[in-house]
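Quick notes on the structure that follows.
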Amino acid sequence: MRVLTYLTHRLLFVIPQLLGIILVSFLLVKSVPGDPAVLMLGPTATPAAIASLREALGLDQPLYIQFFIYVKNLLHGDLGTSWQTTRPVLDDLIQRFPATLELVTLSLLVAIGVGVTLGLYAAKRPNGWVARLADLYGLSVGALPDFWFALVLIFVFYTLLGWAPAPLGRLDMIVIPPPSVTGAYTIDTLLAGDLQAFGSALSHLALPVLTLGLLNAGPILKMTQSTMEKMLESDFSRYEVLSGIPQKLVVRHALRNALPSIVTIISVLYGFLIGGAVLVEIVFSWGGAGQYAVQGVLNSDIYPVLGFVLFSAIFSLIVYIVVDLIYVLLDPRISN
Amino acid sequence: MAETSAAPLIAIMDLHVDFPGANESKEVLKGVSLTVQPGEILGLVGESGAGKTTLARSILGVPPTSGRIAAGKVIFEDRNILDLPEPELRKLRGSRLSIVVPNPRAELNPTMTVGKQIAAMARIHLGVDRAEATRLALAILRDVHIPDPRRRMNAYPHELSGGMAQRVVIAMALICDPAFIISDDATSGLDVTVQAQILSLLGGLAADHGSAMLFITRDIGIAAHFCDRVAVMYSGEIMELASRENLFLRPAHPYTLMLLAAFSHSPKLRDAWSVPETGVRQTQKEGCSYSSRCPIAQPVCSERRPPFVEIRPGHFARCHFPVSHE
């Protein structure tokens, strides 16, 4: 019951939060130098043509009117049109956002697997070789650029060893994409029963997921290690040792108490990676939403940018609500 | 060191515990030896910093953080438990040797209900299934007089009062019917009335289960009412060990006298035996560790560590000049 009331409260707040995010993004994007009309018409445009296009696009109106019109359209489900793709932004994003989501989710699972496992072992034996390895790992992956690491992986696994497919997108050229249900190829190919396409999708996901997963395991590892160390040294862990509880259980109980911090950092990473994966998307020609947004910024195509911000903001807000729900379930001290 | 003729239940022999620091290690227990007879309640009285909690935890092989057992043995059931591998020792802790800790709300796991924590002890040490463990937990909660135990089982530690949490910790220490219980300052921080209830509870339960107890306290008055024999501890050493009657009617060590005087109702007595704090407590390298505060200290006291002398049957004092009552 308290879960339902909590959910209702949080969802009510989502609307004003979103409005605030859109307003700030709108102002920021509008302040980036660059005139869309000029870019759209090209270098041979006449001033008259530019002026009339600006009027048609509504760019001559005051900012607050432009914002008002944008929000009004949003409520009708119209996110605007991208002048680069000439398609509605909503359609573009529905096509591209699942690609990024699939990539980021799988990468995060790899990062959690590597980070939590190494962090746990390092905390259990603070002076062992795993702990030292974990320190080194955490330091180095924080310093490595993701596009560089991606290129190294491509060089080793595609060019030299030939194990991975060419970094040209999400599927082999000859494979036909499955009918779109969720937009994630791994799920859709399985739903369609197309095992060849499933294999192709997996093989294309391998290198980008490895890149993002290994590089982003660093913060999760560090958080797990430090929180678990603190938990294992806490009064209640020592009391469990004094009461003769076997070490496996002591560690499990400590982990349960450490979960809120670990879940926090995972949720922050999740939100970050939606946009933060853009360089990896470019290297692997992924056709994801981040790439789409960057193109928008570079070409003063504001509707794709704003649309992307809206999508990722909604996504992040949902993630944070889920995380807060997890907290309420995990920690009995924050219920009422 | 023969104290009684019967074989002790547990014998702590010459326990040295230090805390290795950055520059030098600080020795907290300087060769503590104690025995506890089956069914006996041995009191241990000392001020803060004497090393009582270090002793309590080191007996079970878990000295406080960064502490290290440098030497000594703890003989229980014919073996030195400090030599046992850790998994073996875990089997003994909580089942045959248990501890009641102070400040229970900080020591209980905040994300588990108290019922689950008590039942866990039964499941792990007695090997019973979940249903039986819950039944045992309920029974022991009734024994420690927690009102409405069925509802309290599902409470979290932060939802309980200090007195309730203390009863929970006592329940956890007793559920497996241990042979030896260490009660480390189990009543500090509680209201006086609650203190009295907890004390009578502990005493009754120990008698019912036939367990021996090491009762650690800062309050020599409580030790007077509660314990069969009492040891007085100062700066990591046992200064005096006697039966209750001998300790309170014929105290021999100057420190014991000071403790008794401090609790005394007579201001003249308090003044006569109280020594003002000298500021920084010097760690005595040579001689008796109490000599810097002792009102009857002589030069030899700073030179030679006094031996632990039996001044009458069963009554020992570590002093060059034990007070005579003849």
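Going by the structure tokens order, chains are called A, B, ..., each with residues numbered from 1, while ligands are numbered from 1 in the order shown.
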Quiz item: Which neighbours of Arg305 in chain B fall inside 7 Å, counting only C-alpha atoms, when residues of the same chain fewer than 6 positions from it are skipped, and could you give them as a ChimeraX atom specification?
Solution: /B:286-288
Any chance you could export the current selection's C-alpha atoms as a PDB file, in the first residue's frame?
```pdb
ATOM      1  CA  GLU B 286      58.498  -0.628  34.541  1.00  0.00           C
ATOM      2  CA  GLY B 287      56.886  -1.746  37.722  1.00  0.00           C
ATOM      3  CA  CYS B 288      53.268  -1.631  38.718  1.00  0.00           C
TER       4      CYS B 288
END
```
Practice problem: Could you please select, counting only C-alpha atoms, the residues of chain A within 12 Å of chain B and state them as a ChimeraX atom specification? | Solution: /A:231-250,252-260,327-336
Written file, previous selection with N, CA and C atoms, as a compact mmCIF listing (two decimals), in the first residue's frame:
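Listed below is the output, out-v8.txt:
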```
# COMPACT_ATOMS: atom_id res chain seq x y z
N MET A 231 31.05 -2.04 5.41
CA MET A 231 30.04 -2.89 6.02
C MET A 231 30.68 -4.03 6.79
N LEU A 232 31.76 -4.61 6.22
CA LEU A 232 32.38 -5.75 6.89
C LEU A 232 33.10 -5.32 8.16
N GLU A 233 33.44 -4.03 8.26
CA GLU A 233 34.09 -3.56 9.49
C GLU A 233 33.11 -2.98 10.47
N SER A 234 31.84 -2.96 10.11
CA SER A 234 30.86 -2.29 10.96
C SER A 234 30.57 -3.13 12.20
N ASP A 235 29.92 -2.50 13.18
CA ASP A 235 29.61 -3.20 14.43
C ASP A 235 28.78 -4.44 14.20
N PHE A 236 27.79 -4.35 13.31
CA PHE A 236 26.90 -5.51 13.21
C PHE A 236 27.58 -6.69 12.53
N SER A 237 28.50 -6.39 11.60
CA SER A 237 29.23 -7.51 10.99
C SER A 237 30.12 -8.19 12.03
N ARG A 238 30.78 -7.38 12.87
CA ARG A 238 31.65 -7.96 13.89
C ARG A 238 30.83 -8.75 14.90
N TYR A 239 29.64 -8.27 15.18
CA TYR A 239 28.78 -9.00 16.11
C TYR A 239 28.39 -10.34 15.53
N GLU A 240 28.14 -10.37 14.22
CA GLU A 240 27.81 -11.64 13.58
C GLU A 240 28.98 -12.61 13.67
N VAL A 241 30.20 -12.09 13.49
CA VAL A 241 31.38 -12.95 13.64
C VAL A 241 31.46 -13.47 15.08
N LEU A 242 31.22 -12.58 16.04
CA LEU A 242 31.25 -12.97 17.45
C LEU A 242 30.19 -14.02 17.76
N SER A 243 29.09 -13.99 17.03
CA SER A 243 28.03 -14.96 17.28
C SER A 243 28.24 -16.24 16.51
N GLY A 244 29.37 -16.34 15.81
CA GLY A 244 29.68 -17.58 15.14
C GLY A 244 28.99 -17.77 13.80
N ILE A 245 28.50 -16.70 13.20
CA ILE A 245 27.88 -16.80 11.88
C ILE A 245 28.98 -17.08 10.87
N PRO A 246 28.81 -18.08 10.00
CA PRO A 246 29.86 -18.38 9.00
C PRO A 246 30.07 -17.21 8.04
N GLN A 247 31.32 -17.11 7.55
CA GLN A 247 31.72 -15.92 6.81
C GLN A 247 30.86 -15.68 5.58
N LYS A 248 30.45 -16.75 4.90
CA LYS A 248 29.62 -16.58 3.69
C LYS A 248 28.38 -15.76 4.01
N LEU A 249 27.74 -16.09 5.14
CA LEU A 249 26.52 -15.38 5.52
C LEU A 249 26.82 -13.94 5.94
N VAL A 250 27.96 -13.77 6.63
CA VAL A 250 28.33 -12.42 7.05
C VAL A 250 28.47 -11.53 5.82
N ARG A 252 27.10 -12.02 2.89
CA ARG A 252 25.80 -11.83 2.25
C ARG A 252 24.98 -10.75 2.96
N HIS A 253 25.01 -10.78 4.27
CA HIS A 253 24.28 -9.76 5.03
C HIS A 253 24.88 -8.39 4.81
N ALA A 254 26.22 -8.35 4.74
CA ALA A 254 26.88 -7.06 4.51
C ALA A 254 26.50 -6.51 3.14
N LEU A 255 26.41 -7.42 2.15
CA LEU A 255 26.06 -6.99 0.80
C LEU A 255 24.66 -6.40 0.78
N ARG A 256 23.77 -7.02 1.50
CA ARG A 256 22.39 -6.51 1.55
C ARG A 256 22.38 -5.07 2.07
N ASN A 257 23.24 -4.79 3.05
CA ASN A 257 23.31 -3.43 3.57
C ASN A 257 24.05 -2.48 2.64
N ALA A 258 24.89 -3.03 1.78
CA ALA A 258 25.66 -2.20 0.86
C ALA A 258 24.88 -1.90 -0.41
N LEU A 259 23.82 -2.66 -0.66
CA LEU A 259 23.11 -2.52 -1.93
C LEU A 259 22.62 -1.11 -2.26
N PRO A 260 22.06 -0.35 -1.30
CA PRO A 260 21.59 0.99 -1.69
C PRO A 260 22.66 1.81 -2.40
N TYR A 327 14.96 1.16 -2.93
CA TYR A 327 15.41 1.59 -1.60
C TYR A 327 14.37 1.29 -0.55
N VAL A 328 13.13 1.71 -0.85
CA VAL A 328 12.06 1.52 0.13
C VAL A 328 11.94 0.04 0.48
N LEU A 329 12.13 -0.82 -0.53
CA LEU A 329 12.02 -2.24 -0.26
C LEU A 329 13.24 -2.77 0.50
N LEU A 330 14.42 -2.21 0.20
CA LEU A 330 15.65 -2.74 0.78
C LEU A 330 15.85 -2.31 2.22
N ASP A 331 15.58 -1.03 2.50
CA ASP A 331 15.96 -0.50 3.80
C ASP A 331 14.73 -0.24 4.64
N PRO A 332 14.52 -1.06 5.68
CA PRO A 332 13.31 -0.90 6.47
C PRO A 332 13.27 0.40 7.26
N ARG A 333 14.37 1.12 7.31
CA ARG A 333 14.35 2.35 8.11
C ARG A 333 13.70 3.50 7.38
N ILE A 334 13.49 3.39 6.04
CA ILE A 334 12.94 4.54 5.32
C ILE A 334 11.56 4.21 4.77
N SER A 335 10.70 3.66 5.60
CA SER A 335 9.40 3.30 5.07
C SER A 335 8.36 4.39 5.30
N ASN A 336 8.23 4.86 6.52
CA ASN A 336 7.09 5.75 6.81
C ASN A 336 7.40 7.21 6.80
```
Quiz prompt | Who sits within 12 Å of Arg304 in chain B, only C-alpha atoms, same chain under 2 positions skipped, as number ranges by chain | solution = B: 284-291, 297-302, 306-307, 318-320
Quiz item: Could you pull out all residues of range 42-154 of chain A with a DSSP call of alpha helix (DSSP H) and give them as a ChimeraX atom specification?
Solution: /A:47-57,63-75,89-124,129-143,146-154
Selection file, C-alpha atoms, as a JSON list (two decimals), in the first residue's frame:
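Now in out-v6.json:
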```
[["chain", "number", "residue", "atom", "x", "y", "z"],
["A", 47, "PRO", "CA", 19.11, 36.73, -47.78],
["A", 48, "ALA", "CA", 15.48, 36.89, -48.89],
["A", 49, "ALA", "CA", 15.21, 33.12, -49.02],
["A", 50, "ILE", "CA", 16.81, 32.83, -45.60],
["A", 51, "ALA", "CA", 14.43, 35.39, -44.17],
["A", 52, "SER", "CA", 11.35, 33.71, -45.55],
["A", 53, "LEU", "CA", 12.51, 30.29, -44.29],
["A", 54, "ARG", "CA", 13.13, 31.74, -40.86],
["A", 55, "GLU", "CA", 9.60, 33.09, -40.83],
["A", 56, "ALA", "CA", 8.21, 29.74, -41.95],
["A", 57, "LEU", "CA", 10.13, 27.96, -39.22],
["A", 63, "LEU", "CA", 11.91, 32.87, -27.50],
["A", 64, "TYR", "CA", 9.05, 32.40, -25.07],
["A", 65, "ILE", "CA", 6.56, 32.11, -27.92],
["A", 66, "GLN", "CA", 8.75, 29.55, -29.64],
["A", 67, "PHE", "CA", 8.91, 27.58, -26.39],
["A", 68, "PHE", "CA", 5.16, 27.79, -25.90],
["A", 69, "ILE", "CA", 4.54, 26.53, -29.44],
["A", 70, "TYR", "CA", 7.00, 23.69, -28.86],
["A", 71, "VAL", "CA", 5.31, 22.54, -25.66],
["A", 72, "LYS", "CA", 1.90, 22.81, -27.27],
["A", 73, "ASN", "CA", 3.07, 20.53, -30.06],
["A", 74, "LEU", "CA", 4.60, 18.15, -27.56],
["A", 75, "LEU", "CA", 1.23, 17.64, -25.94],
["A", 89, "VAL", "CA", 11.63, 13.40, -34.78],
["A", 90, "LEU", "CA", 9.30, 11.04, -32.95],
["A", 91, "ASP", "CA", 9.61, 8.45, -35.73],
["A", 92, "ASP", "CA", 13.38, 8.88, -35.88],
["A", 93, "LEU", "CA", 13.73, 8.39, -32.16],
["A", 94, "ILE", "CA", 11.39, 5.41, -31.99],
["A", 95, "GLN", "CA", 13.65, 3.80, -34.52],
["A", 96, "ARG", "CA", 16.96, 4.78, -32.88],
["A", 97, "PHE", "CA", 16.32, 4.87, -29.15],
["A", 98, "PRO", "CA", 15.86, 1.09, -28.75],
["A", 99, "ALA", "CA", 19.22, 0.53, -30.42],
["A", 100, "THR", "CA", 20.94, 2.67, -27.83],
["A", 101, "LEU", "CA", 18.86, 1.19, -25.03],
["A", 102, "GLU", "CA", 19.74, -2.36, -26.05],
["A", 103, "LEU", "CA", 23.42, -1.51, -26.26],
["A", 104, "VAL", "CA", 23.49, 0.38, -22.97],
["A", 105, "THR", "CA", 21.46, -2.19, -21.02],
["A", 106, "LEU", "CA", 23.63, -5.10, -22.08],
["A", 107, "SER", "CA", 26.78, -3.09, -21.39],
["A", 108, "LEU", "CA", 25.52, -2.19, -17.96],
["A", 109, "LEU", "CA", 24.86, -5.85, -17.20],
["A", 110, "VAL", "CA", 28.47, -6.63, -18.14],
["A", 111, "ALA", "CA", 29.69, -3.72, -16.03],
["A", 112, "ILE", "CA", 27.66, -4.89, -13.03],
["A", 113, "GLY", "CA", 28.90, -8.43, -13.43],
["A", 114, "VAL", "CA", 32.54, -7.40, -13.58],
["A", 115, "GLY", "CA", 32.32, -4.53, -11.10],
["A", 116, "VAL", "CA", 30.31, -6.18, -8.32],
["A", 117, "THR", "CA", 32.20, -9.48, -8.51],
["A", 118, "LEU", "CA", 35.65, -7.89, -8.42],
["A", 119, "GLY", "CA", 34.54, -5.38, -5.79],
["A", 120, "LEU", "CA", 33.21, -8.16, -3.54],
["A", 121, "TYR", "CA", 36.39, -10.20, -3.77],
["A", 122, "ALA", "CA", 38.57, -7.17, -3.22],
["A", 123, "ALA", "CA", 36.59, -6.24, -0.09],
["A", 124, "LYS", "CA", 36.73, -9.76, 1.32],
["A", 129, "TRP", "CA", 46.02, -9.92, -5.39],
["A", 130, "VAL", "CA", 42.40, -9.44, -6.47],
["A", 131, "ALA", "CA", 42.25, -6.21, -4.50],
["A", 132, "ARG", "CA", 45.44, -4.95, -6.07],
["A", 133, "LEU", "CA", 44.22, -5.93, -9.52],
["A", 134, "ALA", "CA", 40.94, -4.16, -8.81],
["A", 135, "ASP", "CA", 42.74, -0.96, -7.82],
["A", 136, "LEU", "CA", 44.79, -1.02, -11.00],
["A", 137, "TYR", "CA", 41.73, -1.80, -13.08],
["A", 138, "GLY", "CA", 39.68, 1.00, -11.55],
["A", 139, "LEU", "CA", 42.46, 3.51, -12.15],
["A", 140, "SER", "CA", 43.18, 2.57, -15.73],
["A", 141, "VAL", "CA", 39.66, 2.26, -17.08],
["A", 142, "GLY", "CA", 38.85, 5.68, -15.73],
["A", 143, "ALA", "CA", 41.63, 7.10, -17.84],
["A", 146, "ASP", "CA", 36.05, 4.73, -24.88],
["A", 147, "PHE", "CA", 36.43, 5.35, -28.64],
["A", 148, "TRP", "CA", 40.14, 4.48, -28.41],
["A", 149, "PHE", "CA", 39.43, 1.30, -26.50],
["A", 150, "ALA", "CA", 36.76, 0.39, -29.05],
["A", 151, "LEU", "CA", 39.22, 0.85, -31.88],
["A", 152, "VAL", "CA", 41.79, -1.31, -30.09],
["A", 153, "LEU", "CA", 39.21, -4.07, -29.64],
["A", 154, "ILE", "CA", 38.23, -3.82, -33.31]]
```
Self-check item: For Asp208 in chain B: contacts at 10 Å, only C-alpha atoms, fewer than 6 positions along chain excluded, given as a ChimeraX atom specification
Solution: /B:39,177,202
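Near Ala313 in chain A, within 8 Å and counting only C-alpha atoms, sit Leu18, Ile21, Val309, Leu310, Ser316 and Leu317 of chain A; same-chain residues fewer than 3 positions away were not included.
Residues in contact range of Asp18 in chain B, defined as at most 10 Å between only C-alpha atoms, with sequence neighbours fewer than 6 positions away removed, read Ser25, Lys26, Glu27, Val28, Leu29, Lys30, Thr54, Pro63, Ser66, Gly67, Arg68, Ile69, Ala70 and Ala71 of chain B.
Between CA of Ile262 in chain A and CA of Pro126 in chain A lies a distance of 18.5 Å.
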Practice problem: Do a neighbour search on Asp172 in chain A at 9 Å with only C-alpha atoms, toss out local chain neighbours closer than 2 positions, and write the hits as a PyMOL selection string. | Solution: chain A and resi 165-166+168-170+174-176+197+200-201+204
